[in-house]
Amino acid sequence: MVDEQGGPEMVSFRELARRLVAEQVVKNISHQRVSQLSREDPAFPPVVEVGRSKAVDWRLALPYFRARTPRPGWRTDLKGAPPAAE
């Protein structure tokens, strides 16, 4: 993770989410969603624990999120009610 610019630029999941939105990489993302992706996606950049927080190298996370195809969840409020059980 070290490069010619002096090493990794570690950011917390909260800061990562804020930067992704500020740089318009994604329209909206929470630090909870970042945490979920870190647990579920094997392609997610390496995570480092810093105290009780988790951090990731911004230089690795940025290309990951730029290349990632978002998969929004289902809108359960728009689905009809399930059929009544008899």
# chains A, B, ... in the order shown; residues from 1 in each chain; ligands from 1
$ select_by_dssp --residues "chain A" --states "strand (DSSP E)" --output "list in words"
Met10, Val11, Ser12, Val47, Val48, Glu49, Val50, Ser53, Lys54, Ala55, Val56 and Asp57 of chain A
$ write_last_selection --atoms "N, CA and C atoms" --output "compact mmCIF listing (two decimals), in the first residue's frame"
# COMPACT_ATOMS: atom_id res chain seq x y z
N MET A 10 -4.93 6.77 4.94
CA MET A 10 -5.96 6.02 5.64
C MET A 10 -7.10 6.95 6.07
N VAL A 11 -8.34 6.49 5.81
CA VAL A 11 -9.53 7.24 6.21
C VAL A 11 -10.50 6.28 6.87
N SER A 12 -11.25 6.79 7.83
CA SER A 12 -12.29 5.98 8.48
C SER A 12 -13.43 5.74 7.50
N VAL A 47 -8.85 -3.62 4.88
CA VAL A 47 -9.31 -2.81 6.01
C VAL A 47 -8.33 -2.98 7.17
N VAL A 48 -8.03 -1.86 7.83
CA VAL A 48 -7.14 -1.85 8.98
C VAL A 48 -7.91 -1.34 10.18
N GLU A 49 -7.77 -2.02 11.31
CA GLU A 49 -8.41 -1.54 12.54
C GLU A 49 -7.50 -0.53 13.21
N VAL A 50 -8.06 0.62 13.54
CA VAL A 50 -7.35 1.68 14.24
C VAL A 50 -8.15 1.96 15.50
N SER A 53 -12.07 1.79 15.52
CA SER A 53 -12.55 2.14 14.19
C SER A 53 -11.86 1.29 13.13
N LYS A 54 -12.45 1.32 11.96
CA LYS A 54 -11.84 0.64 10.81
C LYS A 54 -11.52 1.71 9.78
N ALA A 55 -10.40 1.48 9.08
CA ALA A 55 -9.95 2.45 8.08
C ALA A 55 -9.52 1.72 6.82
N VAL A 56 -9.52 2.48 5.73
CA VAL A 56 -9.13 1.95 4.43
C VAL A 56 -8.31 3.02 3.72
N ASP A 57 -7.42 2.59 2.85
CA ASP A 57 -6.60 3.52 2.08
C ASP A 57 -7.47 4.19 1.02
$ select_by_dssp --residues "chain A" --states "alpha helix (DSSP H)" --output "PyMOL selection string"
chain A and resi 13-22+31-40+58-67
$ residues_around --residues "Thr69 of chain A" --least-positions-apart "5" --cutoff "12 Å" --atoms "only C-alpha atoms" --output "PyMOL selection string"
chain A and resi 25-26+63-64
$ write_last_selection --atoms "N, CA, C and O atoms" --output "PDB file, in the first residue's frame"
ATOM      1  N   VAL A  25     -18.566  10.717  -6.456  1.00  0.00           N
ATOM      2  CA  VAL A  25     -18.319   9.356  -6.931  1.00  0.00           C
ATOM      3  C   VAL A  25     -19.606   8.561  -6.810  1.00  0.00           C
ATOM      4  O   VAL A  25     -19.935   7.753  -7.674  1.00  0.00           O
ATOM      5  N   VAL A  26     -20.348   8.799  -5.734  1.00  0.00           N
ATOM      6  CA  VAL A  26     -21.666   8.211  -5.521  1.00  0.00           C
ATOM      7  C   VAL A  26     -22.617   9.327  -5.111  1.00  0.00           C
ATOM      8  O   VAL A  26     -22.185  10.366  -4.593  1.00  0.00           O
ATOM      9  N   PRO A  63     -10.748   4.010  -6.586  1.00  0.00           N
ATOM     10  CA  PRO A  63     -10.995   3.247  -7.818  1.00  0.00           C
ATOM     11  C   PRO A  63     -12.003   2.109  -7.622  1.00  0.00           C
ATOM     12  O   PRO A  63     -12.757   1.787  -8.536  1.00  0.00           O
ATOM     13  N   TYR A  64     -12.034   1.524  -6.426  1.00  0.00           N
ATOM     14  CA  TYR A  64     -13.012   0.467  -6.145  1.00  0.00           C
ATOM     15  C   TYR A  64     -14.433   1.016  -6.313  1.00  0.00           C
ATOM     16  O   TYR A  64     -15.261   0.414  -6.987  1.00  0.00           O
TER      17      TYR A  64
END
$ atom_distance --atom1 "atom CA of Ser35 of chain A" --atom2 "atom CA of Leu78 of chain A"
26.8 Å
